[in-house]
$ cat final_1.cif   # mmCIF, C-alpha atoms and all ligand atoms
data_model
#
loop_
_atom_site.group_PDB
_atom_site.id
_atom_site.type_symbol
_atom_site.label_atom_id
_atom_site.label_comp_id
_atom_site.auth_asym_id
_atom_site.auth_seq_id
_atom_site.Cartn_x
_atom_site.Cartn_y
_atom_site.Cartn_z
ATOM 1 C CA MET A 19 156.005 64.145 41.104
ATOM 2 C CA ASN A 20 155.917 66.558 38.187
ATOM 3 C CA THR A 21 157.032 70.122 38.531
ATOM 4 C CA LYS A 22 154.965 72.755 36.713
ATOM 5 C CA SER A 23 157.709 73.028 34.091
ATOM 6 C CA SER A 24 157.791 69.370 33.082
ATOM 7 C CA TYR A 25 154.272 68.529 32.009
ATOM 8 C CA GLN A 26 153.933 66.521 28.822
ATOM 9 C CA TYR A 27 150.187 66.359 28.256
ATOM 10 C CA ILE A 28 148.848 69.614 29.651
ATOM 11 C CA PHE A 29 149.863 73.107 28.578
ATOM 12 C CA GLY A 30 149.018 76.685 29.398
ATOM 13 C CA PRO A 31 146.682 78.045 30.577
ATOM 14 C CA VAL A 32 146.885 79.704 27.167
ATOM 15 C CA PRO A 33 144.949 82.880 26.349
ATOM 16 C CA SER A 34 142.317 81.646 23.926
ATOM 17 C CA ARG A 35 140.323 84.001 21.715
ATOM 18 C CA ARG A 36 137.151 82.000 22.433
ATOM 19 C CA LEU A 37 137.575 80.443 25.844
ATOM 20 C CA GLY A 38 139.490 83.008 27.917
ATOM 21 C CA PHE A 39 142.273 81.250 29.866
ATOM 22 C CA SER A 40 142.242 77.679 28.683
ATOM 23 C CA LEU A 41 144.277 74.839 30.180
ATOM 24 C CA GLY A 42 145.029 72.578 27.220
ATOM 25 C CA ILE A 43 145.068 68.775 27.379
ATOM 26 C CA ASP A 44 146.865 67.022 24.534
ATOM 27 C CA ILE A 45 145.899 63.322 24.417
ATOM 28 C CA ILE A 46 147.247 62.496 20.953
ATOM 29 C CA PRO A 47 150.858 62.222 19.703
ATOM 30 C CA HIS A 48 152.105 65.248 17.771
ATOM 31 C CA LYS A 49 150.359 65.616 14.378
ATOM 32 C CA THR A 50 148.358 62.410 14.543
ATOM 33 C CA CYS A 51 145.167 63.454 12.807
ATOM 34 C CA THR A 52 142.361 62.429 10.449
ATOM 35 C CA LEU A 53 143.041 65.583 8.417
ATOM 36 C CA ASP A 54 146.011 67.494 7.021
ATOM 37 C CA CYS A 55 144.581 71.021 6.875
ATOM 38 C CA VAL A 56 146.332 73.581 4.699
ATOM 39 C CA TYR A 57 146.093 76.140 7.519
ATOM 40 C CA CYS A 58 147.145 73.903 10.434
ATOM 41 C CA GLU A 59 149.231 75.915 12.881
ATOM 42 C CA CYS A 60 150.980 72.756 14.157
ATOM 43 C CA GLY A 61 152.561 71.862 10.814
ATOM 44 C CA LYS A 62 151.958 69.022 8.373
ATOM 45 C CA THR A 63 150.185 65.891 9.592
ATOM 46 C CA THR A 64 152.789 63.141 9.956
ATOM 47 C CA HIS A 65 150.382 60.358 10.958
ATOM 48 C CA LEU A 66 147.201 60.584 8.878
ATOM 49 C CA THR A 67 144.794 58.055 10.363
ATOM 50 C CA CYS A 68 141.170 57.481 11.292
ATOM 51 C CA LYS A 69 141.914 54.601 13.673
ATOM 52 C CA ARG A 70 140.838 55.326 17.252
ATOM 53 C CA SER A 71 143.235 53.977 19.848
ATOM 54 C CA HIS A 72 144.524 54.529 23.376
ATOM 55 C CA TYR A 73 147.350 56.660 21.946
ATOM 56 C CA ILE A 74 148.272 58.227 25.269
ATOM 57 C CA GLN A 75 147.474 56.331 28.451
ATOM 58 C CA SER A 76 144.719 58.092 30.401
ATOM 59 C CA GLU A 77 146.411 57.402 33.739
ATOM 60 C CA LEU A 78 149.417 59.495 32.700
ATOM 61 C CA VAL A 79 147.228 62.420 31.676
ATOM 62 C CA ILE A 80 145.111 62.136 34.819
ATOM 63 C CA GLU A 81 148.205 62.078 37.020
ATOM 64 C CA GLU A 82 149.481 65.284 35.444
ATOM 65 C CA LEU A 83 146.098 66.990 35.631
ATOM 66 C CA ASN A 84 145.652 66.059 39.251
ATOM 67 C CA ASN A 85 149.132 67.217 40.110
ATOM 68 C CA TYR A 86 148.511 70.546 38.418
ATOM 69 C CA LEU A 87 144.980 71.214 39.636
ATOM 70 C CA GLU A 88 145.551 70.274 43.256
ATOM 71 C CA THR A 89 148.407 72.759 43.664
ATOM 72 C CA ASP A 90 146.535 76.046 43.442
ATOM 73 C CA PRO A 91 146.661 76.677 39.676
ATOM 74 C CA PRO A 92 146.301 80.157 38.157
ATOM 75 C CA HIS A 93 142.892 81.293 36.895
ATOM 76 C CA ILE A 94 141.395 78.858 34.370
ATOM 77 C CA ASP A 95 138.193 79.485 32.399
ATOM 78 C CA TYR A 96 138.113 76.154 30.566
ATOM 79 C CA ILE A 97 139.964 72.870 30.490
ATOM 80 C CA THR A 98 140.163 72.110 26.795
ATOM 81 C CA PHE A 99 140.919 68.981 24.789
ATOM 82 C CA SER A 100 143.093 70.405 22.031
ATOM 83 C CA GLY A 101 146.733 70.274 21.003
ATOM 84 C CA SER A 102 148.536 69.163 17.889
ATOM 85 C CA GLY A 103 146.274 66.311 16.704
ATOM 86 C CA GLU A 104 142.607 65.239 16.752
ATOM 87 C CA PRO A 105 141.615 64.521 20.399
ATOM 88 C CA THR A 106 138.682 62.229 19.528
ATOM 89 C CA LEU A 107 141.147 59.728 18.037
ATOM 90 C CA ASN A 108 141.953 58.780 21.635
ATOM 91 C CA ASP A 109 139.387 56.069 22.380
ATOM 92 C CA HIS A 110 139.751 56.560 26.155
ATOM 93 C CA ILE A 111 138.889 60.274 26.145
ATOM 94 C CA ASP A 112 135.977 59.490 28.484
ATOM 95 C CA ASP A 113 138.367 58.412 31.274
ATOM 96 C CA ILE A 114 139.677 61.968 31.413
ATOM 97 C CA VAL A 115 136.262 63.630 31.037
ATOM 98 C CA ASP A 116 134.913 61.511 33.890
ATOM 99 C CA PHE A 117 137.932 62.209 36.088
ATOM 100 C CA ILE A 118 137.567 65.984 35.718
ATOM 101 C CA LYS A 119 133.801 65.953 36.176
ATOM 102 C CA SER A 120 134.114 63.796 39.318
ATOM 103 C CA ASN A 121 137.044 65.595 40.941
ATOM 104 C CA TYR A 122 137.196 69.136 39.559
ATOM 105 C CA SER A 123 133.614 69.910 38.611
ATOM 106 C CA GLN A 124 134.228 73.625 39.167
ATOM 107 C CA TYR A 125 135.953 73.760 35.749
ATOM 108 C CA SER A 126 134.069 73.837 32.459
ATOM 109 C CA LEU A 127 135.247 71.426 29.804
ATOM 110 C CA ALA A 128 135.661 72.193 26.104
ATOM 111 C CA LEU A 129 136.577 70.030 23.127
ATOM 112 C CA LEU A 130 138.150 71.383 19.946
ATOM 113 C CA THR A 131 137.467 68.784 17.287
ATOM 114 C CA ASN A 132 137.648 68.482 13.519
ATOM 115 C CA THR A 133 134.263 66.665 13.470
ATOM 116 C CA THR A 134 135.469 63.780 11.284
ATOM 117 C CA LEU A 135 134.625 60.995 13.763
ATOM 118 C CA PHE A 136 131.139 62.226 14.688
ATOM 119 C CA SER A 137 129.392 59.387 12.880
ATOM 120 C CA ASN A 138 130.679 57.161 15.713
ATOM 121 C CA ARG A 139 127.923 56.789 18.342
ATOM 122 C CA LYS A 140 130.325 55.448 20.947
ATOM 123 C CA LEU A 141 132.158 58.768 20.741
ATOM 124 C CA TRP A 142 128.930 60.691 21.497
ATOM 125 C CA GLU A 143 128.550 58.723 24.712
ATOM 126 C CA GLN A 144 132.175 59.391 25.656
ATOM 127 C CA ILE A 145 131.964 63.156 25.198
ATOM 128 C CA LYS A 146 128.384 63.838 26.320
ATOM 129 C CA ASN A 147 129.534 65.479 29.573
ATOM 130 C CA ILE A 148 131.772 68.012 27.858
ATOM 131 C CA ASP A 149 130.239 71.471 28.278
ATOM 132 C CA VAL A 150 131.192 73.049 24.949
ATOM 133 C CA VAL A 151 132.010 71.229 21.730
ATOM 134 C CA ILE A 152 133.713 73.440 19.146
ATOM 135 C CA ALA A 153 133.505 71.576 15.858
ATOM 136 C CA SER A 154 135.498 72.697 12.816
ATOM 137 C CA LEU A 155 133.680 72.639 9.518
ATOM 138 C CA ASP A 156 135.242 74.671 6.725
ATOM 139 C CA ALA A 157 133.274 73.555 3.691
ATOM 140 C CA GLY A 158 129.777 73.264 2.301
ATOM 141 C CA ASN A 159 130.664 70.316 0.067
ATOM 142 C CA GLU A 160 133.077 67.404 -0.365
ATOM 143 C CA SER A 161 135.212 69.070 -3.019
ATOM 144 C CA ILE A 162 136.084 72.108 -0.860
ATOM 145 C CA PHE A 163 136.525 69.836 2.173
ATOM 146 C CA LYS A 164 139.162 67.840 0.254
ATOM 147 C CA LYS A 165 141.006 70.966 -0.892
ATOM 148 C CA ILE A 166 141.183 72.616 2.530
ATOM 149 C CA ASN A 167 141.252 69.727 4.966
ATOM 150 C CA ARG A 168 142.953 66.979 2.890
ATOM 151 C CA PRO A 169 141.235 64.107 4.759
ATOM 152 C CA HIS A 170 142.222 60.478 5.272
ATOM 153 C CA PRO A 171 140.702 58.500 2.330
ATOM 154 C CA GLN A 172 138.151 56.829 4.632
ATOM 155 C CA ILE A 173 136.690 60.151 5.823
ATOM 156 C CA HIS A 174 133.707 61.359 3.804
ATOM 157 C CA TYR A 175 132.129 64.785 4.028
ATOM 158 C CA GLN A 176 128.464 63.756 3.983
ATOM 159 C CA GLU A 177 128.932 61.041 6.603
ATOM 160 C CA MET A 178 130.730 63.536 8.853
ATOM 161 C CA VAL A 179 127.993 66.188 8.485
ATOM 162 C CA ASP A 180 125.199 63.645 9.042
ATOM 163 C CA GLY A 181 127.024 62.471 12.179
ATOM 164 C CA LEU A 182 127.246 66.016 13.493
ATOM 165 C CA ILE A 183 123.527 66.631 12.831
ATOM 166 C CA GLU A 184 122.619 63.451 14.693
ATOM 167 C CA PHE A 185 124.994 64.277 17.559
ATOM 168 C CA ARG A 186 123.298 67.661 17.857
ATOM 169 C CA ASN A 187 119.880 66.003 18.017
ATOM 170 C CA GLN A 188 120.913 63.462 20.630
ATOM 171 C CA VAL A 189 123.394 65.319 22.863
ATOM 172 C CA HIS A 190 122.126 68.617 24.160
ATOM 173 C CA LYS A 191 125.308 70.489 24.955
ATOM 174 C CA GLN A 192 126.642 73.787 23.641
ATOM 175 C CA LEU A 193 127.760 73.256 20.049
ATOM 176 C CA TRP A 194 129.760 75.914 18.285
ATOM 177 C CA ILE A 195 130.939 75.564 14.709
ATOM 178 C CA GLU A 196 134.181 77.086 13.556
ATOM 179 C CA TYR A 197 134.485 78.007 9.875
ATOM 180 C CA PHE A 198 138.077 78.753 8.894
ATOM 181 C CA VAL A 199 138.142 81.084 5.901
ATOM 182 C CA VAL A 200 140.819 80.295 3.310
ATOM 183 C CA PRO A 201 140.895 82.982 0.593
ATOM 184 C CA GLU A 202 139.834 81.686 -2.827
ATOM 185 C CA LEU A 203 138.812 78.276 -1.496
ATOM 186 C CA ASN A 204 135.716 78.935 0.658
ATOM 187 C CA ASP A 205 135.012 82.696 0.670
ATOM 188 C CA THR A 206 132.604 83.358 -2.196
ATOM 189 C CA GLU A 207 128.884 84.103 -1.911
ATOM 190 C CA GLU A 208 128.145 80.648 -3.332
ATOM 191 C CA ASP A 209 130.411 79.004 -0.734
ATOM 192 C CA MET A 210 128.675 80.849 2.086
ATOM 193 C CA LEU A 211 125.166 80.016 0.859
ATOM 194 C CA GLN A 212 126.052 76.350 0.548
ATOM 195 C CA PHE A 213 127.579 76.349 4.022
ATOM 196 C CA ARG A 214 124.509 78.160 5.375
ATOM 197 C CA GLU A 215 122.292 75.314 4.142
ATOM 198 C CA ILE A 216 124.420 72.784 5.997
ATOM 199 C CA THR A 217 124.449 74.790 9.233
ATOM 200 C CA GLN A 218 120.666 75.226 9.084
ATOM 201 C CA ARG A 219 120.419 71.435 9.371
ATOM 202 C CA ILE A 220 122.857 71.323 12.300
ATOM 203 C CA HIS A 221 121.407 74.209 14.373
ATOM 204 C CA PRO A 222 124.576 75.094 16.308
ATOM 205 C CA ASP A 223 124.458 77.598 19.160
ATOM 206 C CA LYS A 224 127.075 79.712 17.415
ATOM 207 C CA ILE A 225 129.114 79.846 14.233
ATOM 208 C CA GLN A 226 132.518 81.444 14.534
ATOM 209 C CA LEU A 227 134.484 82.700 11.564
ATOM 210 C CA ASN A 228 138.207 82.474 11.875
ATOM 211 C CA SER A 229 141.218 83.007 9.652
ATOM 212 C CA LEU A 230 144.958 82.630 9.771
ATOM 213 C CA ASP A 231 146.305 84.151 12.978
ATOM 214 C CA ARG A 232 149.704 82.483 13.261
ATOM 215 C CA PRO A 233 151.951 80.708 10.718
ATOM 216 C CA GLY A 234 150.089 77.878 8.945
ATOM 217 C CA THR A 235 151.277 74.728 7.165
ATOM 218 C CA GLU A 236 151.050 76.079 3.614
ATOM 219 C CA SER A 237 152.661 79.454 3.041
ATOM 220 C CA TRP A 238 150.083 80.383 0.367
ATOM 221 C CA VAL A 239 147.291 80.487 2.971
ATOM 222 C CA GLN A 240 146.821 84.144 3.884
ATOM 223 C CA PRO A 241 144.907 85.888 6.683
ATOM 224 C CA VAL A 242 141.545 87.512 5.946
ATOM 225 C CA SER A 243 140.727 90.994 7.243
ATOM 226 C CA LYS A 244 138.267 91.399 10.141
ATOM 227 C CA GLU A 245 136.051 93.428 7.789
ATOM 228 C CA LYS A 246 135.862 90.608 5.256
ATOM 229 C CA LEU A 247 135.110 88.074 8.001
ATOM 230 C CA ALA A 248 132.337 90.324 9.308
ATOM 231 C CA TYR A 249 130.937 90.610 5.771
ATOM 232 C CA LEU A 250 130.953 86.811 5.314
ATOM 233 C CA ALA A 251 129.349 86.328 8.740
ATOM 234 C CA ARG A 252 126.266 88.146 7.471
ATOM 235 C CA TYR A 253 125.392 85.150 5.292
ATOM 236 C CA LEU A 254 125.049 82.889 8.343
ATOM 237 C CA ASP A 255 122.726 82.719 11.365
ATOM 238 C CA GLN A 256 124.238 83.192 14.857
ATOM 239 C CA ALA A 257 127.626 83.941 13.314
ATOM 240 C CA GLU A 258 130.426 85.993 14.817
ATOM 241 C CA VAL A 259 134.047 86.776 14.088
ATOM 242 C CA ILE A 260 136.601 85.496 16.546
ATOM 243 C CA HIS A 261 138.205 88.483 18.229
ATOM 244 C CA GLU A 262 141.686 88.923 19.577
ATOM 245 C CA PHE A 263 142.049 87.988 23.241
ATOM 246 C CA LYS A 264 142.950 90.973 25.453
ATOM 247 C CA ALA A 265 145.340 89.664 28.071
ATOM 248 C CA PRO A 266 145.879 91.354 31.438
ATOM 249 C CA ASP A 267 149.148 93.055 32.287
ATOM 250 C CA PHE A 268 151.617 90.920 34.218
ATOM 251 C CA GLN A 269 154.513 93.371 34.525
ATOM 252 C CA ASN A 270 155.085 92.641 38.209
ATOM 253 C CA SER A 271 155.163 88.866 38.148
ATOM 254 C CA VAL A 272 158.071 87.054 39.755
ATOM 255 C CA ILE A 273 160.728 85.502 37.488
ATOM 256 C CA GLN A 274 160.717 81.692 37.649
ATOM 257 C CA PRO A 275 162.412 79.042 35.499
ATOM 258 C CA TYR A 276 159.956 79.095 32.626
ATOM 259 C CA THR A 277 162.085 77.843 29.745
ATOM 260 C CA ASN A 278 160.438 74.393 29.586
ATOM 261 C CA ARG A 279 156.966 75.837 29.866
ATOM 262 C CA ILE A 280 157.640 78.210 26.975
ATOM 263 C CA LEU A 281 158.946 75.323 24.877
ATOM 264 C CA SER A 282 155.952 73.179 25.768
ATOM 265 C CA LEU A 283 153.630 76.001 24.686
ATOM 266 C CA LEU A 284 155.460 76.684 21.418
ATOM 267 C CA GLU A 285 155.561 72.996 20.519
ATOM 268 C CA ARG A 286 151.748 73.087 20.335
ATOM 269 C CA ARG A 287 151.411 76.342 18.430
ATOM 270 C CA PRO A 288 153.455 79.406 17.457
ATOM 271 C CA CYS A 289 152.910 82.372 19.805
ATOM 272 C CA THR A 290 153.691 86.076 19.999
ATOM 273 C CA LEU A 291 155.479 87.641 22.976
ATOM 274 C CA GLU A 292 152.075 88.792 24.240
ATOM 275 C CA ASP A 293 150.597 85.279 23.966
ATOM 276 C CA ILE A 294 153.460 83.812 26.015
ATOM 277 C CA SER A 295 153.290 86.594 28.591
ATOM 278 C CA ALA A 296 149.528 86.145 29.053
ATOM 279 C CA SER A 297 149.765 82.388 29.165
ATOM 280 C CA LEU A 298 152.551 82.097 31.723
ATOM 281 C CA HIS A 299 151.647 85.226 33.710
ATOM 282 C CA ILE A 300 155.063 86.810 33.278
ATOM 283 C CA SER A 301 156.026 90.200 31.897
ATOM 284 C CA LEU A 302 157.006 90.866 28.304
ATOM 285 C CA ASP A 303 160.552 91.672 29.429
ATOM 286 C CA GLN A 304 160.801 88.348 31.199
ATOM 287 C CA VAL A 305 159.562 86.516 28.100
ATOM 288 C CA LYS A 306 162.156 88.332 25.980
ATOM 289 C CA GLU A 307 164.862 87.314 28.417
ATOM 290 C CA TYR A 308 163.920 83.625 28.205
ATOM 291 C CA LEU A 309 163.559 83.708 24.430
ATOM 292 C CA HIS A 310 166.871 85.454 23.868
ATOM 293 C CA ASP A 311 169.015 82.431 24.749
ATOM 294 C CA MET A 312 166.768 79.991 22.956
ATOM 295 C CA ILE A 313 166.951 82.094 19.785
ATOM 296 C CA GLN A 314 170.749 82.356 20.081
ATOM 297 C CA HIS A 315 170.932 78.555 20.262
ATOM 298 C CA ARG A 316 168.493 78.219 17.337
ATOM 299 C CA ILE A 317 166.040 76.247 19.468
ATOM 300 C CA ILE A 318 163.417 78.808 18.561
ATOM 301 C CA GLU A 319 162.797 80.633 15.292
ATOM 302 C CA THR A 320 160.618 83.589 14.368
ATOM 303 C CA LYS A 321 158.188 84.526 11.630
ATOM 304 C CA ASP A 322 156.714 87.949 10.940
ATOM 305 C CA MET A 323 152.914 87.934 10.521
ATOM 306 C CA SER A 324 150.228 90.622 10.457
ATOM 307 C CA ARG A 325 149.547 90.166 14.213
ATOM 308 C CA GLY A 326 153.259 90.486 15.053
ATOM 309 C CA ILE A 327 156.344 88.304 15.346
ATOM 310 C CA PHE A 328 155.569 84.642 16.102
ATOM 311 C CA TYR A 329 157.991 82.328 17.888
ATOM 312 C CA PHE A 330 158.023 78.607 17.129
ATOM 313 C CA VAL A 331 160.185 75.596 17.950
ATOM 314 C CA ASN A 332 162.818 74.751 15.353
ATOM 315 C CA LYS A 333 162.172 71.046 14.621
HETATM 316 S S1 LIG B 401 144.017 72.019 12.048
HETATM 317 FE FE1 LIG B 401 143.351 70.446 13.497
HETATM 318 S S2 LIG B 401 142.254 69.021 12.205
HETATM 319 FE FE2 LIG B 401 143.463 70.229 10.820
HETATM 320 S S3 LIG B 401 145.400 69.084 10.557
HETATM 321 FE FE3 LIG B 401 145.699 70.538 12.258
HETATM 322 S S4 LIG B 401 145.271 69.357 14.080
HETATM 323 FE FE4 LIG B 401 144.339 68.236 12.342
#

$ encode --input "final_1.cif" --output "structure tokens"
Amino acid sequence: MNTKSSYQYIFGPVPSRRLGFSLGIDIIPHKTCTLDCVYCECGKTTHLTCKRSHYIQSELVIEELNNYLETDPPHIDYITFSGSGEPTLNDHIDDIVDFIKSNYSQYSLALLTNTTLFSNRKLWEQIKNIDVVIASLDAGNESIFKKINRPHPQIHYQEMVDGLIEFRNQVHKQLWIEYFVVPELNDTEEDMLQFREITQRIHPDKIQLNSLDRPGTESWVQPVSKEKLAYLARYLDQAEVIHEFKAPDFQNSVIQPYTNRILSLLERRPCTLEDISASLHISLDQVKEYLHDMIQHRIIETKDMSRGIFYFVNK
């Protein structure tokens, strides 16, 4: 039986700016993706593919989930398919959706996806019971899509957008679109008007504007101010800026052996002290204590960003 510090496929619950406390499920090997986005917080894509496969056996993920959820987990707002690759590449994603909906229906399910496989009707069927689909779309045309998202050669912008429009028409679940603003690539008035036209054909429930929040793949990608994001949001319908998550204070939590859980979290994405504290429900001092040794041994490195110092695994 797994202990809570040795999970391979689930992580968190992490404090998410959109979903509150989100228990992540990672069903794809590290950096296996259809895209190689310039802003990716998980690093460069090492396996660029559009081939769907049973990359991680569903039974293993289900065993971990069951083990975690049956043992009185901390508060969870969403169980979210996310991680360091594109979850819809796993062609058995429905096994896990069905398991959660049949056994833990009290939890809402979310999917963070890059949208590239939405022309596949079999996928629609597999994900139709997910409560919220958050689909990334950072461009209003193929040329910007290629510059920002650097897709696999068999992925085409128009096909992807048409697939998303059709999915929206057929599957009536919450659909949010995330537009990641990369300065000088997709932040002009013309870019926004072109993107607006596309979103008016999709009719999402929400559009969320986001920008760099933690270290990205390419160092030239810079964060955008909240004011600029708010200004750009005015071009779009139902648009909002993703706000920082305000985590509760956990100063009195009990110290437990959290080293593996911190590593598991940082392997998926760089975090600040506050992110780790909120995710693992331990105090800032406790986080510092755990990080100290790992930094000394160069297991973990740091990077200074506008939101604070980020910690990430030295690979
Ligand atoms: S941001 Fe998402 S879609 Fe883009 S390369 Fe990273 S994991 Fe893939």

$ resolve_selection --input "final_1.cif" --expression "the PyMOL selection byres (((chain A and resi 258) around 9) and not hetatm)" --output "MDAnalysis selection string"
chainID A and resid 224:227 247:248 251:252 254 256:257 259:261

$ atom_distance --input "final_1.cif" --atom1 "atom CA of A:Ala296" --atom2 "atom CA of A:Gly61"
23.4 Å

$ residues_around --input "final_1.cif" --residues "stretch 25-40 of chain A" --least-positions-apart "2" --cutoff "10 Å" --atoms "all atoms listed in the file" --output "short mmCIF file (atom, residue, chain, number, x, y, z; two decimals) with C-alpha atoms, keeping the file's coordinate frame"
data_model
loop_
_atom_site.label_atom_id
_atom_site.label_comp_id
_atom_site.auth_asym_id
_atom_site.auth_seq_id
_atom_site.Cartn_x
_atom_site.Cartn_y
_atom_site.Cartn_z
CA ASN A 20 155.92 66.56 38.19
CA THR A 21 157.03 70.12 38.53
CA LYS A 22 154.96 72.76 36.71
CA SER A 23 157.71 73.03 34.09
CA GLY A 42 145.03 72.58 27.22
CA ILE A 43 145.07 68.78 27.38
CA ASP A 44 146.86 67.02 24.53
CA ILE A 45 145.90 63.32 24.42
CA ILE A 46 147.25 62.50 20.95
CA PRO A 47 150.86 62.22 19.70
CA ILE A 74 148.27 58.23 25.27
CA LEU A 78 149.42 59.50 32.70
CA VAL A 79 147.23 62.42 31.68
CA ILE A 80 145.11 62.14 34.82
CA GLU A 81 148.21 62.08 37.02
CA GLU A 82 149.48 65.28 35.44
CA LEU A 83 146.10 66.99 35.63
CA ASN A 85 149.13 67.22 40.11
CA TYR A 86 148.51 70.55 38.42
CA PRO A 91 146.66 76.68 39.68
CA PRO A 92 146.30 80.16 38.16
CA HIS A 93 142.89 81.29 36.90
CA ILE A 94 141.40 78.86 34.37
CA ASP A 95 138.19 79.48 32.40
CA TYR A 96 138.11 76.15 30.57
CA ILE A 97 139.96 72.87 30.49
CA THR A 98 140.16 72.11 26.80
CA PHE A 99 140.92 68.98 24.79
CA SER A 100 143.09 70.40 22.03
CA GLY A 101 146.73 70.27 21.00
CA SER A 126 134.07 73.84 32.46
CA LEU A 127 135.25 71.43 29.80
CA ALA A 128 135.66 72.19 26.10
CA VAL A 150 131.19 73.05 24.95
CA ILE A 152 133.71 73.44 19.15
CA GLN A 226 132.52 81.44 14.53
CA ILE A 260 136.60 85.50 16.55
CA HIS A 261 138.21 88.48 18.23
CA GLU A 262 141.69 88.92 19.58
CA PHE A 263 142.05 87.99 23.24
CA LYS A 264 142.95 90.97 25.45
CA ALA A 265 145.34 89.66 28.07
CA PRO A 266 145.88 91.35 31.44
CA ASN A 278 160.44 74.39 29.59
CA ARG A 279 156.97 75.84 29.87
CA ILE A 280 157.64 78.21 26.98
CA SER A 282 155.95 73.18 25.77
CA LEU A 283 153.63 76.00 24.69
CA LEU A 284 155.46 76.68 21.42
CA GLU A 285 155.56 73.00 20.52
CA ARG A 286 151.75 73.09 20.34
CA CYS A 289 152.91 82.37 19.80
CA GLU A 292 152.07 88.79 24.24
CA ASP A 293 150.60 85.28 23.97
CA ILE A 294 153.46 83.81 26.02
CA SER A 295 153.29 86.59 28.59
CA ALA A 296 149.53 86.14 29.05
CA SER A 297 149.76 82.39 29.16
CA LEU A 298 152.55 82.10 31.72
CA HIS A 299 151.65 85.23 33.71
#

$ resolve_selection --input "final_1.cif" --expression "the PyMOL selection byres (((chain A and resi 106-110) around 7) and not hetatm)" --output "NGL selection string"
:A and (45-46 or 69-73 or 76 or 104-105 or 111-113)

$ write_last_selection --input "final_1.cif" --atoms "C-alpha atoms" --output "compact mmCIF listing (two decimals), keeping the file's coordinate frame"
# COMPACT_ATOMS: atom_id res chain seq x y z
CA ILE A 45 145.90 63.32 24.42
CA ILE A 46 147.25 62.50 20.95
CA LYS A 69 141.91 54.60 13.67
CA ARG A 70 140.84 55.33 17.25
CA SER A 71 143.24 53.98 19.85
CA HIS A 72 144.52 54.53 23.38
CA TYR A 73 147.35 56.66 21.95
CA SER A 76 144.72 58.09 30.40
CA GLU A 104 142.61 65.24 16.75
CA PRO A 105 141.62 64.52 20.40
CA ILE A 111 138.89 60.27 26.14
CA ASP A 112 135.98 59.49 28.48
CA ASP A 113 138.37 58.41 31.27

$ atom_distance --input "final_1.cif" --atom1 "atom CA of A:Lys146" --atom2 "atom CA of A:Leu41"
19.7 Å

$ residues_near_ligand --input "final_1.cif" --ligand "ligand LIG 401 (chain B)" --cutoff "8 Å" --atoms "only C-alpha atoms and all ligand atoms" --output "list in words"
Lys49, Thr50, Cys51, Thr52, Leu53, Asp54, Cys55, Val56, Tyr57, Cys58, Glu59, Cys60, Gly61, Lys62, Thr63, Gly101, Ser102, Gly103, Glu104, Thr131, Asn132, Ser154 and Asn167 of chain A

$ residues_around --input "final_1.cif" --residues "stretch 172-175 of chain A" --least-positions-apart "4" --cutoff "10 Å" --atoms "all atoms listed in the file" --output "PyMOL selection string"
chain A and resi 52-53+67-68+133-135+155+157-164+168+179-181

$ atom_distance --input "final_1.cif" --atom1 "atom CA of A:Ser229" --atom2 "atom CA of A:Phe198"
5.3 Å

$ closest_residue --input "final_1.cif" --among "A:Asn138, A:Ser237, A:Gln124, A:Thr320" --to "A:Leu87" --atoms "all atoms listed in the file"
A:Gln124

$ resolve_selection --input "final_1.cif" --expression "the PyMOL selection byres (((chain A and resi 222) around 12) and not hetatm)" --output "compact mmCIF listing (two decimals) with C-alpha atoms, keeping the file's coordinate frame"
# COMPACT_ATOMS: atom_id res chain seq x y z
CA VAL A 150 131.19 73.05 24.95
CA VAL A 151 132.01 71.23 21.73
CA ILE A 152 133.71 73.44 19.15
CA ALA A 153 133.50 71.58 15.86
CA SER A 154 135.50 72.70 12.82
CA LEU A 155 133.68 72.64 9.52
CA LEU A 182 127.25 66.02 13.49
CA ILE A 183 123.53 66.63 12.83
CA GLU A 184 122.62 63.45 14.69
CA PHE A 185 124.99 64.28 17.56
CA ARG A 186 123.30 67.66 17.86
CA ASN A 187 119.88 66.00 18.02
CA VAL A 189 123.39 65.32 22.86
CA HIS A 190 122.13 68.62 24.16
CA LYS A 191 125.31 70.49 24.96
CA GLN A 192 126.64 73.79 23.64
CA LEU A 193 127.76 73.26 20.05
CA TRP A 194 129.76 75.91 18.28
CA ILE A 195 130.94 75.56 14.71
CA GLU A 196 134.18 77.09 13.56
CA ARG A 214 124.51 78.16 5.38
CA ILE A 216 124.42 72.78 6.00
CA THR A 217 124.45 74.79 9.23
CA GLN A 218 120.67 75.23 9.08
CA ARG A 219 120.42 71.44 9.37
CA ILE A 220 122.86 71.32 12.30
CA HIS A 221 121.41 74.21 14.37
CA ASP A 223 124.46 77.60 19.16
CA LYS A 224 127.08 79.71 17.42
CA ILE A 225 129.11 79.85 14.23
CA GLN A 226 132.52 81.44 14.53
CA LEU A 254 125.05 82.89 8.34
CA ASP A 255 122.73 82.72 11.36
CA GLN A 256 124.24 83.19 14.86
CA ALA A 257 127.63 83.94 13.31

$ closest_residue --input "final_1.cif" --among "A:Glu177, A:Ile148, A:Val200, A:Met312" --to "A:Lys165" --atoms "only C-alpha atoms"
A:Val200

$ closest_residue --input "final_1.cif" --among "A:Asp149, A:Glu77, A:Asp322, A:Asp205" --to "A:Tyr249" --atoms "all atoms listed in the file"
A:Asp205

$ axis_aligned_box --input "final_1.cif" --around "stretch 250-255 of chain A" --padding-each-side "5 Å" --output "lines of an AutoDock Vina configuration file"
center_x = 126.8
center_y = 85.4
center_z = 8.3
size_x = 18.2
size_y = 15.4
size_z = 16.1

$ closest_residue --input "final_1.cif" --among "A:Gln188, A:Gln304, A:Ser324, A:Thr206" --to "A:Asp231" --atoms "all atoms listed in the file"
A:Ser324
